[in-house]
$ cat structure28.txt   # compact mmCIF, C-alpha atoms and all ligand atoms
# COMPACT_ATOMS: atom_id res chain seq x y z
CA MET J 173 32.00 -8.66 -10.28
CA GLU J 174 30.77 -6.25 -7.67
CA ARG J 175 30.13 -7.60 -4.20
CA VAL J 176 26.77 -6.59 -2.76
CA ASP J 177 25.13 -7.21 0.62
CA LEU J 178 21.94 -8.82 -0.59
CA ILE J 179 20.19 -10.11 -3.71
CA VAL J 180 16.41 -10.54 -3.60
CA ARG J 181 15.09 -12.85 -6.29
CA GLY J 182 11.55 -13.39 -7.58
CA ASP J 183 9.68 -15.34 -10.27
CA SER J 184 8.49 -11.86 -11.14
CA VAL J 185 9.94 -8.50 -10.16
CA ILE J 186 7.61 -5.51 -10.55
CA PRO J 187 9.73 -2.35 -10.38
CA MET J 188 6.78 0.14 -10.56
CA GLU J 189 9.08 2.70 -12.11
CA GLY J 190 6.24 4.09 -14.20
CA SER J 191 6.01 1.45 -16.91
CA HIS J 192 3.88 -1.71 -16.82
CA SER J 193 7.06 -3.77 -16.95
CA VAL J 194 7.36 -7.09 -15.15
CA ILE J 195 10.77 -8.80 -15.05
CA PRO J 196 10.43 -12.60 -15.22
CA ASP J 197 12.97 -14.49 -13.09
CA GLY J 198 14.13 -11.12 -11.78
CA ALA J 199 16.38 -9.92 -9.00
CA VAL J 200 17.24 -6.79 -7.06
CA ALA J 201 20.82 -6.23 -5.87
CA VAL J 202 21.26 -4.27 -2.64
CA LYS J 203 24.42 -2.53 -1.48
CA GLY J 204 24.24 -0.95 1.95
CA SER J 205 20.94 0.88 2.13
CA LYS J 206 20.54 1.36 -1.63
CA ILE J 207 19.44 -0.60 -4.69
CA ALA J 208 22.51 -1.36 -6.82
CA GLY J 209 20.70 -2.99 -9.73
CA VAL J 210 17.37 -4.37 -10.97
CA GLY J 211 17.05 -6.88 -13.81
CA THR J 212 16.70 -10.53 -14.73
CA TYR J 213 18.60 -12.86 -12.44
CA GLY J 214 20.83 -13.62 -15.43
CA GLU J 215 21.78 -9.94 -15.76
CA ILE J 216 22.16 -9.34 -12.02
CA SER J 217 24.27 -12.47 -11.44
CA LYS J 218 26.69 -11.38 -14.19
CA LYS J 219 27.32 -8.04 -12.48
CA PHE J 220 26.89 -8.74 -8.77
CA GLU J 221 27.72 -11.44 -6.28
CA SER J 222 26.53 -11.83 -2.71
CA ASP J 223 26.65 -14.38 0.12
CA ASN J 224 23.11 -13.41 0.95
CA VAL J 225 20.61 -14.36 -1.78
CA ILE J 226 16.91 -14.60 -0.94
CA ALA J 227 15.34 -17.32 -3.09
CA GLY J 228 12.60 -16.32 -5.47
CA GLU J 229 10.62 -19.47 -6.35
CA GLY J 230 6.94 -18.72 -5.99
CA ARG J 231 7.68 -15.12 -5.03
CA VAL J 232 6.73 -11.75 -6.51
CA VAL J 233 9.05 -8.87 -5.66
CA LEU J 234 7.66 -5.35 -5.33
CA PRO J 235 8.65 -1.99 -3.86
CA GLY J 236 7.58 -1.66 -0.22
CA LEU J 237 4.06 -0.29 0.25
CA ILE J 238 3.40 3.26 1.45
CA ASN J 239 0.83 4.14 4.11
CA ALA J 240 0.28 7.82 3.29
CA HIS J 241 -1.85 8.72 6.32
CA THR J 242 -2.09 7.14 9.73
CA HIS J 243 -1.99 7.71 13.47
CA ALA J 244 0.06 4.66 14.39
CA ALA J 245 -0.36 4.81 18.16
CA MET J 246 -4.15 4.55 17.82
CA VAL J 247 -3.77 0.78 17.36
CA TYR J 248 -4.38 0.50 21.10
CA MET J 249 -7.87 1.93 20.43
CA ARG J 250 -8.62 -0.63 17.75
CA GLY J 251 -12.21 -1.77 18.25
CA LEU J 252 -12.70 0.37 21.37
CA ALA J 253 -15.78 2.02 19.83
CA ASP J 254 -17.36 1.01 16.53
CA ASP J 255 -20.53 1.51 14.52
CA LEU J 256 -21.10 5.04 15.79
CA PRO J 257 -21.55 8.42 14.09
CA LEU J 258 -18.22 10.25 13.69
CA LYS J 259 -19.12 12.98 16.21
CA VAL J 260 -20.19 10.52 18.93
CA TRP J 261 -17.26 8.21 18.17
CA LEU J 262 -14.77 11.06 18.39
CA GLU J 263 -16.20 13.25 21.14
CA GLU J 264 -17.58 10.57 23.48
CA HIS J 265 -15.08 7.78 22.98
CA ILE J 266 -11.79 8.53 21.21
CA TRP J 267 -10.97 11.99 22.58
CA PRO J 268 -11.80 11.07 26.20
CA ALA J 269 -9.76 7.87 25.87
CA GLU J 270 -6.84 9.83 24.40
CA ASN J 271 -7.08 12.27 27.28
CA ARG J 272 -6.90 9.46 29.79
CA TRP J 273 -4.17 7.38 28.16
CA LEU J 274 -1.77 9.44 26.07
CA ALA J 275 1.66 9.25 27.69
CA PRO J 276 5.12 8.33 26.45
CA GLU J 277 4.91 4.68 27.68
CA PHE J 278 1.55 4.19 25.95
CA ILE J 279 2.87 5.68 22.70
CA ALA J 280 6.08 3.61 22.76
CA ASP J 281 4.25 0.30 23.19
CA ALA J 282 1.42 1.17 20.80
CA VAL J 283 3.75 2.34 18.01
CA GLU J 284 5.73 -0.87 18.40
CA LEU J 285 2.56 -2.88 17.75
CA ALA J 286 1.59 -0.65 14.81
CA VAL J 287 5.02 -0.91 13.20
CA ALA J 288 5.05 -4.71 13.64
CA GLU J 289 1.61 -4.90 12.01
CA MET J 290 2.64 -2.65 9.11
CA LEU J 291 6.00 -4.31 8.41
CA LYS J 292 4.37 -7.74 8.34
CA ALA J 293 1.81 -6.34 5.87
CA GLY J 294 4.55 -5.14 3.50
CA ILE J 295 4.41 -1.46 4.46
CA THR J 296 7.92 0.01 4.49
CA THR J 297 7.05 3.71 4.93
CA TYR J 298 4.26 5.32 6.94
CA ASN J 299 3.24 8.95 7.10
CA ASP J 300 2.06 9.72 10.62
CA MET J 301 0.39 12.54 12.50
CA TYR J 302 0.08 12.32 16.26
CA PHE J 303 1.37 13.30 19.66
CA TYR J 304 4.75 12.30 21.19
CA GLU J 305 6.33 11.61 17.79
CA ILE J 306 9.62 11.98 19.67
CA VAL J 307 8.82 8.62 21.30
CA GLY J 308 7.42 7.02 18.12
CA ALA J 309 10.55 7.96 16.16
CA ASP J 310 12.83 5.90 18.43
CA VAL J 311 10.52 2.89 18.15
CA ALA J 312 10.14 3.06 14.35
CA LYS J 313 13.89 3.38 13.95
CA ARG J 314 14.64 0.49 16.28
CA LEU J 315 12.27 -1.77 14.34
CA GLY J 316 13.81 -0.68 11.05
CA MET J 317 10.76 1.10 9.66
CA ARG J 318 10.88 4.21 7.46
CA ALA J 319 8.53 6.89 8.75
CA VAL J 320 7.56 10.47 8.05
CA LEU J 321 6.47 11.71 11.45
CA GLY J 322 4.36 14.85 11.61
CA VAL J 323 4.23 16.54 15.00
CA GLY J 324 0.55 17.36 15.62
CA VAL J 325 -0.34 21.07 15.82
CA ILE J 326 -3.76 22.06 17.15
CA ASP J 327 -5.17 25.24 18.75
CA MET J 328 -7.17 23.69 21.56
CA PRO J 329 -5.23 22.64 24.65
CA THR J 330 -4.73 18.87 24.86
CA LYS J 331 -3.34 16.57 27.50
CA THR J 332 0.10 17.03 25.98
CA THR J 333 0.19 20.75 25.02
CA ALA J 334 -1.28 24.06 26.14
CA GLY J 335 -1.89 25.28 22.59
CA ALA J 336 -0.54 25.75 19.08
CA ASP J 337 2.61 27.68 20.00
CA GLU J 338 3.79 24.90 22.28
CA CYS J 339 3.03 22.35 19.51
CA LEU J 340 5.10 24.39 17.07
CA GLU J 341 8.03 24.66 19.48
CA ARG J 342 7.87 20.91 19.95
CA ALA J 343 7.76 20.41 16.18
CA GLU J 344 10.85 22.56 15.71
CA ARG J 345 12.78 20.63 18.35
CA PHE J 346 11.72 17.37 16.70
CA ILE J 347 12.81 18.57 13.24
CA LYS J 348 16.21 19.65 14.57
CA LYS J 349 16.73 16.29 16.26
CA TRP J 350 15.75 14.05 13.34
CA ARG J 351 16.46 15.91 10.09
CA GLY J 352 19.02 14.09 7.99
CA ASP J 353 18.20 10.70 9.57
CA GLU J 354 18.17 7.77 7.15
CA LEU J 355 14.84 6.35 8.35
CA ILE J 356 12.96 9.06 10.19
CA THR J 357 11.81 12.15 8.29
CA PRO J 358 10.29 14.88 10.47
CA ALA J 359 7.24 16.87 9.35
CA VAL J 360 4.78 19.45 10.69
CA ALA J 361 1.16 18.34 11.02
CA PRO J 362 -1.40 21.12 11.58
CA HIS J 363 -4.47 18.98 12.31
CA SER J 364 -7.04 20.64 9.99
CA SER J 365 -8.53 23.89 8.75
CA TYR J 366 -11.29 23.70 11.41
CA SER J 367 -8.98 23.06 14.38
CA CYS J 368 -6.15 25.46 13.39
CA SER J 369 -6.50 29.24 13.09
CA PRO J 370 -5.11 31.10 10.04
CA ASP J 371 -2.24 32.20 12.30
CA THR J 372 -1.44 28.60 13.31
CA LEU J 373 -1.59 27.46 9.69
CA SER J 374 0.75 30.18 8.50
CA LYS J 375 3.21 29.53 11.38
CA SER J 376 3.15 25.81 10.51
CA LYS J 377 3.80 26.60 6.88
CA ALA J 378 6.68 28.95 7.77
CA LEU J 379 8.24 26.33 10.04
CA ALA J 380 8.01 23.64 7.32
CA GLU J 381 9.59 25.99 4.80
CA LYS J 382 12.36 27.04 7.18
CA TYR J 383 13.55 23.43 7.39
CA GLY J 384 12.37 22.13 4.01
CA VAL J 385 10.03 19.54 5.55
CA HIS J 386 6.53 18.35 4.60
CA LEU J 387 3.18 19.50 5.98
CA HIS J 388 0.54 16.89 6.83
CA THR J 389 -3.10 17.82 7.43
CA HIS J 390 -6.69 16.52 7.32
CA LEU J 391 -8.82 18.07 4.58
CA CYS J 392 -12.52 17.79 3.71
CA GLU J 393 -13.07 14.51 5.54
CA THR J 394 -16.74 15.14 6.32
CA GLU J 395 -19.60 17.28 5.07
CA GLY J 396 -19.89 18.76 8.56
CA GLU J 397 -16.27 19.96 8.41
CA VAL J 398 -16.95 21.82 5.15
CA GLU J 399 -20.01 23.50 6.71
CA GLU J 400 -18.03 24.46 9.83
CA VAL J 401 -15.20 26.07 7.84
CA LYS J 402 -17.72 27.84 5.60
CA LYS J 403 -19.43 29.29 8.68
CA LYS J 404 -16.14 30.36 10.23
CA HIS J 405 -14.33 31.69 7.16
CA GLY J 406 -17.06 32.13 4.53
CA LYS J 407 -15.44 29.65 2.16
CA THR J 408 -14.82 25.93 1.75
CA PRO J 409 -11.65 24.42 3.29
CA VAL J 410 -9.70 24.04 0.03
CA ILE J 411 -10.44 27.63 -1.08
CA PHE J 412 -9.70 28.89 2.43
CA LEU J 413 -6.33 27.09 2.61
CA ASP J 414 -5.45 28.19 -0.90
CA GLU J 415 -6.21 31.84 -0.16
CA GLU J 416 -4.16 31.58 3.04
CA GLY J 417 -1.23 30.49 0.84
CA PHE J 418 -1.03 27.16 2.65
CA LEU J 419 -1.34 24.73 -0.28
CA GLY J 420 1.76 23.61 -2.15
CA GLU J 421 3.91 20.72 -3.24
CA ASN J 422 5.01 20.10 0.34
CA VAL J 423 1.46 19.43 1.60
CA LEU J 424 -0.12 16.01 2.13
CA ALA J 425 -3.87 16.29 2.60
CA ALA J 426 -5.65 13.28 4.04
CA HIS J 427 -9.16 12.29 2.88
CA CYS J 428 -10.39 15.00 0.41
CA VAL J 429 -13.82 13.35 0.38
CA TRP J 430 -15.90 16.52 0.00
CA VAL J 431 -14.09 18.41 -2.74
CA THR J 432 -15.68 20.03 -5.79
CA GLU J 433 -14.41 19.95 -9.35
CA GLU J 434 -12.98 23.45 -8.89
CA GLU J 435 -11.20 22.39 -5.70
CA ILE J 436 -9.75 19.27 -7.36
CA GLU J 437 -8.33 21.58 -9.99
CA ILE J 438 -6.73 23.71 -7.23
CA LEU J 439 -5.21 20.60 -5.56
CA ALA J 440 -3.73 19.54 -8.91
CA ARG J 441 -2.40 23.03 -9.72
CA ARG J 442 -0.80 23.41 -6.28
CA LYS J 443 0.65 19.86 -6.57
CA VAL J 444 -0.86 18.87 -3.21
CA GLY J 445 -0.48 15.16 -2.34
CA VAL J 446 -3.64 13.37 -1.22
CA ALA J 447 -4.08 10.28 0.97
CA HIS J 448 -7.18 8.32 0.01
CA CYS J 449 -8.42 6.63 3.20
CA VAL J 450 -11.21 4.59 1.68
CA GLU J 451 -11.86 2.06 4.47
CA SER J 452 -11.85 4.67 7.24
CA ASN J 453 -14.19 6.89 5.20
CA LEU J 454 -16.54 3.95 4.62
CA LYS J 455 -16.53 2.82 8.24
CA LEU J 456 -17.24 6.29 9.62
CA ALA J 457 -19.74 6.88 6.79
CA SER J 458 -17.87 10.07 5.90
CA GLY J 459 -18.50 9.56 2.18
CA ILE J 460 -16.60 8.43 -0.89
CA ALA J 461 -13.80 10.62 -2.22
CA PRO J 462 -13.89 11.47 -5.95
CA LEU J 463 -10.73 9.46 -6.53
CA VAL J 464 -11.12 8.92 -10.27
CA GLU J 465 -11.72 12.64 -10.80
CA MET J 466 -8.64 13.50 -8.71
CA LEU J 467 -6.43 11.08 -10.63
CA ASP J 468 -7.81 12.33 -13.96
CA ALA J 469 -6.97 15.89 -12.92
CA GLY J 470 -3.39 14.84 -12.17
CA VAL J 471 -3.53 14.96 -8.36
CA LYS J 472 -0.89 12.74 -6.71
CA VAL J 473 -2.88 10.26 -4.62
CA GLY J 474 -1.72 7.42 -2.39
CA PHE J 475 -3.53 5.17 0.11
CA GLY J 476 -3.80 5.83 3.82
CA THR J 477 -5.26 3.57 6.46
CA ASP J 478 -5.96 6.40 8.93
CA GLY J 479 -5.76 5.24 12.55
CA ALA J 480 -6.70 1.66 13.46
CA ALA J 481 -9.57 2.98 15.60
CA SER J 482 -11.50 3.80 12.41
CA ASN J 483 -10.36 1.07 10.00
CA ASN J 484 -9.65 -1.27 11.98
CA ASP J 485 -6.30 -2.42 10.62
CA LEU J 486 -3.16 -0.96 9.03
CA ASN J 487 -3.29 -2.84 5.77
CA ILE J 488 -2.58 -1.15 2.44
CA MET J 489 -3.26 -4.32 0.44
CA SER J 490 -6.88 -4.30 1.56
CA GLU J 491 -7.16 -0.54 0.91
CA MET J 492 -6.02 -1.24 -2.65
CA SER J 493 -8.52 -4.00 -3.17
CA THR J 494 -11.43 -2.10 -1.59
CA ALA J 495 -10.71 1.09 -3.53
CA ALA J 496 -10.24 -0.63 -6.89
CA LYS J 497 -13.63 -2.33 -6.56
CA LEU J 498 -15.55 0.48 -4.89
CA HIS J 499 -14.69 3.13 -7.48
CA LYS J 500 -15.79 0.83 -10.30
CA ALA J 501 -19.22 0.51 -8.69
CA VAL J 502 -19.47 4.19 -7.81
CA THR J 503 -18.58 5.35 -11.32
CA ARG J 504 -20.40 2.37 -12.90
CA ASP J 505 -17.26 1.86 -14.93
CA PRO J 506 -15.40 -1.46 -14.56
CA THR J 507 -12.30 0.11 -16.11
CA ALA J 508 -12.02 2.72 -13.32
CA LEU J 509 -8.94 2.43 -11.06
CA ASN J 510 -7.40 -0.54 -12.85
CA ALA J 511 -5.07 -2.88 -10.98
CA HIS J 512 -1.89 -1.24 -12.27
CA ASP J 513 -3.01 2.21 -11.09
CA ALA J 514 -4.10 0.82 -7.71
CA LEU J 515 -0.64 -0.66 -7.26
CA GLN J 516 0.94 2.64 -8.33
CA MET J 517 -1.09 4.41 -5.63
CA ALA J 518 0.15 1.91 -3.04
CA THR J 519 3.79 2.39 -4.04
CA ARG J 520 5.23 5.12 -6.26
CA TRP J 521 2.37 7.61 -6.20
CA GLY J 522 2.01 7.22 -2.43
CA ALA J 523 5.71 7.96 -2.00
CA GLU J 524 5.44 11.02 -4.25
CA ALA J 525 2.35 12.27 -2.39
CA ILE J 526 4.23 12.29 0.93
CA GLY J 527 7.36 13.89 -0.54
CA MET J 528 9.45 10.68 -0.55
CA GLY J 529 9.31 9.94 -4.27
CA ALA J 530 13.01 10.52 -4.87
CA LEU J 531 13.92 7.97 -2.19
CA THR J 532 11.37 5.15 -2.24
CA GLY J 533 8.20 3.82 -3.94
CA SER J 534 9.84 1.98 -6.86
CA LEU J 535 12.68 -0.44 -7.50
CA GLU J 536 15.31 1.62 -9.30
CA GLU J 537 19.07 1.79 -9.03
CA GLY J 538 20.09 4.44 -6.52
CA LYS J 539 16.82 4.43 -4.59
CA ALA J 540 16.54 3.11 -1.04
CA ALA J 541 16.34 -0.67 -0.79
CA ASP J 542 12.70 -0.84 0.38
CA ILE J 543 11.64 -4.18 -1.08
CA ILE J 544 8.96 -6.77 -0.35
CA SER J 545 8.30 -10.23 -1.66
CA ILE J 546 4.91 -11.93 -1.75
CA ASP J 547 4.46 -15.71 -1.51
CA ILE J 548 2.15 -16.66 -4.38
CA GLU J 549 2.32 -20.43 -3.94
CA LYS J 550 -1.11 -20.54 -2.35
CA PRO J 551 -4.56 -21.78 -3.42
CA HIS J 552 -6.06 -18.28 -3.53
CA LEU J 553 -3.21 -17.12 -5.79
CA SER J 554 -3.32 -19.97 -8.32
CA PRO J 555 -3.20 -20.08 -11.29
CA GLN J 556 -1.53 -16.87 -12.33
CA TYR J 557 -2.23 -14.82 -15.49
CA ASN J 558 -1.88 -11.13 -14.69
CA ILE J 559 0.42 -10.29 -11.81
CA PHE J 560 -1.00 -6.77 -11.28
CA SER J 561 -4.58 -8.02 -10.89
CA HIS J 562 -3.25 -10.81 -8.67
CA MET J 563 -1.62 -8.34 -6.31
CA VAL J 564 -4.68 -6.09 -6.12
CA TYR J 565 -7.63 -8.48 -6.21
CA ALA J 566 -6.32 -11.74 -4.73
CA ALA J 567 -3.20 -11.22 -2.59
CA ARG J 568 -3.51 -10.54 1.13
CA ALA J 569 -1.23 -8.88 3.65
CA SER J 570 -0.60 -12.31 5.18
CA ASP J 571 1.02 -13.40 1.90
CA VAL J 572 3.95 -11.02 2.54
CA ASP J 573 7.04 -13.17 2.97
CA THR J 574 10.08 -10.88 3.06
CA VAL J 575 10.42 -7.20 3.89
CA VAL J 576 13.58 -5.18 3.42
CA VAL J 577 13.76 -1.55 4.58
CA ASN J 578 16.77 0.58 3.77
CA GLY J 579 18.74 -2.59 3.02
CA ARG J 580 17.90 -4.35 6.31
CA VAL J 581 15.82 -7.55 6.25
CA VAL J 582 13.16 -6.93 8.90
CA VAL J 583 10.65 -9.65 8.00
CA SER J 584 11.58 -13.11 6.71
CA GLY J 585 9.24 -16.03 6.07
CA GLY J 586 6.45 -13.78 7.34
CA LYS J 587 8.18 -13.44 10.75
CA LEU J 588 9.27 -10.16 12.26
CA LEU J 589 13.02 -10.15 12.81
CA SER J 590 13.60 -6.67 14.22
CA ALA J 591 11.64 -7.14 17.48
CA ASP J 592 10.15 -9.87 19.65
CA GLU J 593 6.59 -10.26 18.40
CA ASP J 594 5.44 -12.32 21.41
CA GLU J 595 6.54 -9.54 23.72
CA ILE J 596 4.73 -6.94 21.61
CA LEU J 597 1.51 -8.97 21.76
CA LEU J 598 1.84 -9.50 25.50
CA LYS J 599 2.22 -5.75 26.06
CA ALA J 600 -0.82 -5.13 23.83
CA ARG J 601 -2.88 -7.59 25.85
CA LYS J 602 -1.87 -5.98 29.14
CA TRP J 603 -2.64 -2.46 27.92
CA GLY J 604 -5.92 -3.76 26.48
CA GLU J 605 -6.96 -5.16 29.85
CA LYS J 606 -6.10 -1.90 31.62
CA ILE J 607 -7.86 0.24 29.03
CA ARG J 608 -10.94 -2.00 28.93
CA ALA J 609 -11.38 -1.86 32.71
CA VAL J 610 -11.24 1.95 32.79
CA GLU J 611 -13.16 2.72 29.57
CA GLN J 612 -15.97 0.29 30.38
CA GLY J 613 -16.17 1.72 33.88
CA GLN J 614 -16.49 5.20 32.35
CA ALA J 615 -19.22 4.02 29.98
CA ALA J 616 -21.17 2.45 32.87
CA SER J 617 -20.95 5.53 35.10
ZN ZN J 701 -6.52 10.93 10.26
$ encode --input "structure28.txt" --output "structure tokens"
Amino acid sequence: MERVDLIVRGDSVIPMEGSHSVIPDGAVAVKGSKIAGVGTYGEISKKFESDNVIAGEGRVVLPGLINAHTHAAMVYMRGLADDLPLKVWLEEHIWPAENRWLAPEFIADAVELAVAEMLKAGITTYNDMYFYEIVGADVAKRLGMRAVLGVGVIDMPTKTTAGADECLERAERFIKKWRGDELITPAVAPHSSYSCSPDTLSKSKALAEKYGVHLHTHLCETEGEVEEVKKKHGKTPVIFLDEEGFLGENVLAAHCVWVTEEEIEILARRKVGVAHCVESNLKLASGIAPLVEMLDAGVKVGFGTDGAASNNDLNIMSEMSTAAKLHKAVTRDPTALNAHDALQMATRWGAEAIGMGALTGSLEEGKAADIISIDIEKPHLSPQYNIFSHMVYAARASDVDTVVVNGRVVVSGGKLLSADEDEILLKARKWGEKIRAVEQGQAAS
């Protein structure tokens, strides 16, 4: 008998290791930060013993969900400006608000709220791009969240940097500080092909390659962006980035709404990961990404929430449900994006898209113990025939019961254990009052 630190049981365990397998009366054994075994409870209890066994009646156990594209700190701008065209929303509301508010204290408190929201929704890894990641990293780590944090790189001066070179220096310092950490994975995040010059893109690429880290960028989110890049460089963003030598296996491209068949083929060939941000794209009326075509071409696609200012929540379960239904209607094919594939996007494929596939995204021996369990003893989850369709079409983020990240139980019985939730909500309310007073004053003047 091998002693382990934790055993997580479930009426069903869905390993998502590539097969459609579901283990009835299953269990996952955890030793330290890693998964020591996955099997039926009978098999696991013959090999492992633990003082800490999480009961599995009425529970489904899954790998933790992956949020492949977000800007966590934007939760404090949730609902600040809605129902507006992207340009007005961004240029008249979000950018001015960012200019007024971005500071380390704002980021620390906002990221704490975002991480609390994500952990409680079963997200165990998020792939971020923003400013002051140095502050966000401490918060994510303290709350026990796994995060890939991309230091934003942009040519135009912002409140926090004078230009791209300063962003790149900051990114290098951040990489040196955090590389090798168990929970925080540094990355370089050149904002987009319209806001970064060829020189900035190639410096970002060189920096990522120097340290073996991932690149995170926005790509073909809107039709206007494609037109702008065409005007500037005489070609569409995907072709432009490809000819610049930017695209590769270490790139995560968010959105990819306006991509042609030829460009999808390039993304597949270069093994670029894509974050499908369906709810943000719908809300900002950016368009609908050709998800089915990308998956058919072999592109690695996961789900991203984007920032909460354009979503308005950080909830991968609802992204799954929305996408699985939307793409059926769009393609007029009810077999498009079936429940199993939607769940793969939320877990294993999402992890692969952001370069974390070897570590997380499925329940397999040797991988990190990033595990969630869903409470299915609820009216809206009864009766139960197909567990995949249940998870995609009926389960909600609020059904998440237990969350384990890197072997640490951070949510239990739906309650956050790694931080004081009341305090987080109080801080959010105070910031909200301050921000409302200033932003509404600005709007009135
Ligand atoms: Zn974004």
$ atom_distance --input "structure28.txt" --atom1 "atom CA of J:Val575" --atom2 "atom CA of J:Met317"
10.1 Å
$ residues_around --input "structure28.txt" --residues "J:Ser222" --least-positions-apart "5" --cutoff "6 Å" --atoms "all atoms listed in the file" --output "list in words"
Arg175, Val176, Asp177 and Leu178 of chain J
$ closest_residue --input "structure28.txt" --among "J:His386, J:Arg345, J:Glu416, J:Val431" --to "J:Pro370" --atoms "all atoms listed in the file"
J:Glu416
$ residues_near_ligand --input "structure28.txt" --ligand "ligand ZN 701 (chain J)" --cutoff "9 Å" --atoms "only C-alpha atoms and all ligand atoms" --output "NGL selection string"
:J and (241-243 or 300-301 or 363 or 389-390 or 393 or 426-427 or 449 or 452 or 476-479 or 482)
$ closest_atom_pairs --input "structure28.txt" --of "stretch 452-527 of chain J" --to "stretch 256-260 of chain J" --cutoff "8 Å" --atoms "all atoms listed in the file" --output "CSV"
residue,atom,partner,partner_atom,distance
J:Leu456,CA,J:Leu258,CA,5.8
J:Ala457,CA,J:Pro257,CA,7.7
J:Ser458,CA,J:Leu258,CA,7.8
$ residues_around --input "structure28.txt" --residues "J:His192" --least-positions-apart "3" --cutoff "9 Å" --atoms "only C-alpha atoms" --output "list of chain:residue names"
J:Ile186, J:Pro187, J:Met188, J:Glu189, J:His512, J:Phe560
$ atom_distance --input "structure28.txt" --atom1 "atom CA of J:Ile179" --atom2 "atom CA of J:Gly352"
26.9 Å
$ closest_residue --input "structure28.txt" --among "J:Ser191, J:Thr332, J:Ser534, J:Ser365" --to "J:Arg520" --atoms "all atoms listed in the file"
J:Ser534
$ closest_residue --input "structure28.txt" --among "J:Phe418, J:Val180, J:Thr212, J:Glu491" --to "J:Ser584" --atoms "all atoms listed in the file"
J:Val180
$ decode --input "structure28.txt" --residues "stretch 196-200 of chain J" --atoms "all heavy atoms" --output "PDB file, in the first residue's frame"
ATOM      1  N   PRO J 196     -16.835   4.403 -13.899  1.00  0.00           N
ATOM      2  CA  PRO J 196     -17.885   4.420 -12.874  1.00  0.00           C
ATOM      3  C   PRO J 196     -17.281   4.127 -11.511  1.00  0.00           C
ATOM      4  O   PRO J 196     -16.324   3.359 -11.411  1.00  0.00           O
ATOM      5  CB  PRO J 196     -18.839   3.301 -13.314  1.00  0.00           C
ATOM      6  CG  PRO J 196     -18.092   2.477 -14.298  1.00  0.00           C
ATOM      7  CD  PRO J 196     -16.863   3.205 -14.740  1.00  0.00           C
ATOM      8  N   ASP J 197     -17.841   4.739 -10.468  1.00  0.00           N
ATOM      9  CA  ASP J 197     -17.303   4.640  -9.107  1.00  0.00           C
ATOM     10  C   ASP J 197     -15.769   4.763  -9.150  1.00  0.00           C
ATOM     11  O   ASP J 197     -15.044   3.869  -8.737  1.00  0.00           O
ATOM     12  CB  ASP J 197     -17.734   3.313  -8.445  1.00  0.00           C
ATOM     13  CG  ASP J 197     -17.399   3.303  -6.955  1.00  0.00           C
ATOM     14  OD1 ASP J 197     -17.120   4.393  -6.407  1.00  0.00           O
ATOM     15  OD2 ASP J 197     -17.373   2.213  -6.351  1.00  0.00           O
ATOM     16  N   GLY J 198     -15.322   5.893  -9.660  1.00  0.00           N
ATOM     17  CA  GLY J 198     -13.886   6.088  -9.890  1.00  0.00           C
ATOM     18  C   GLY J 198     -13.221   6.885  -8.794  1.00  0.00           C
ATOM     19  O   GLY J 198     -13.865   7.393  -7.869  1.00  0.00           O
ATOM     20  N   ALA J 199     -11.902   6.989  -8.901  1.00  0.00           N
ATOM     21  CA  ALA J 199     -11.135   7.765  -7.923  1.00  0.00           C
ATOM     22  C   ALA J 199      -9.818   8.212  -8.536  1.00  0.00           C
ATOM     23  O   ALA J 199      -9.296   7.568  -9.461  1.00  0.00           O
ATOM     24  CB  ALA J 199     -10.874   6.925  -6.674  1.00  0.00           C
ATOM     25  N   VAL J 200      -9.314   9.314  -8.002  1.00  0.00           N
ATOM     26  CA  VAL J 200      -8.007   9.829  -8.417  1.00  0.00           C
ATOM     27  C   VAL J 200      -7.148   9.953  -7.161  1.00  0.00           C
ATOM     28  O   VAL J 200      -7.555  10.586  -6.182  1.00  0.00           O
ATOM     29  CB  VAL J 200      -8.145  11.221  -9.089  1.00  0.00           C
ATOM     30  CG1 VAL J 200      -6.797  11.703  -9.601  1.00  0.00           C
ATOM     31  CG2 VAL J 200      -9.166  11.184 -10.222  1.00  0.00           C
TER      32      VAL J 200
END
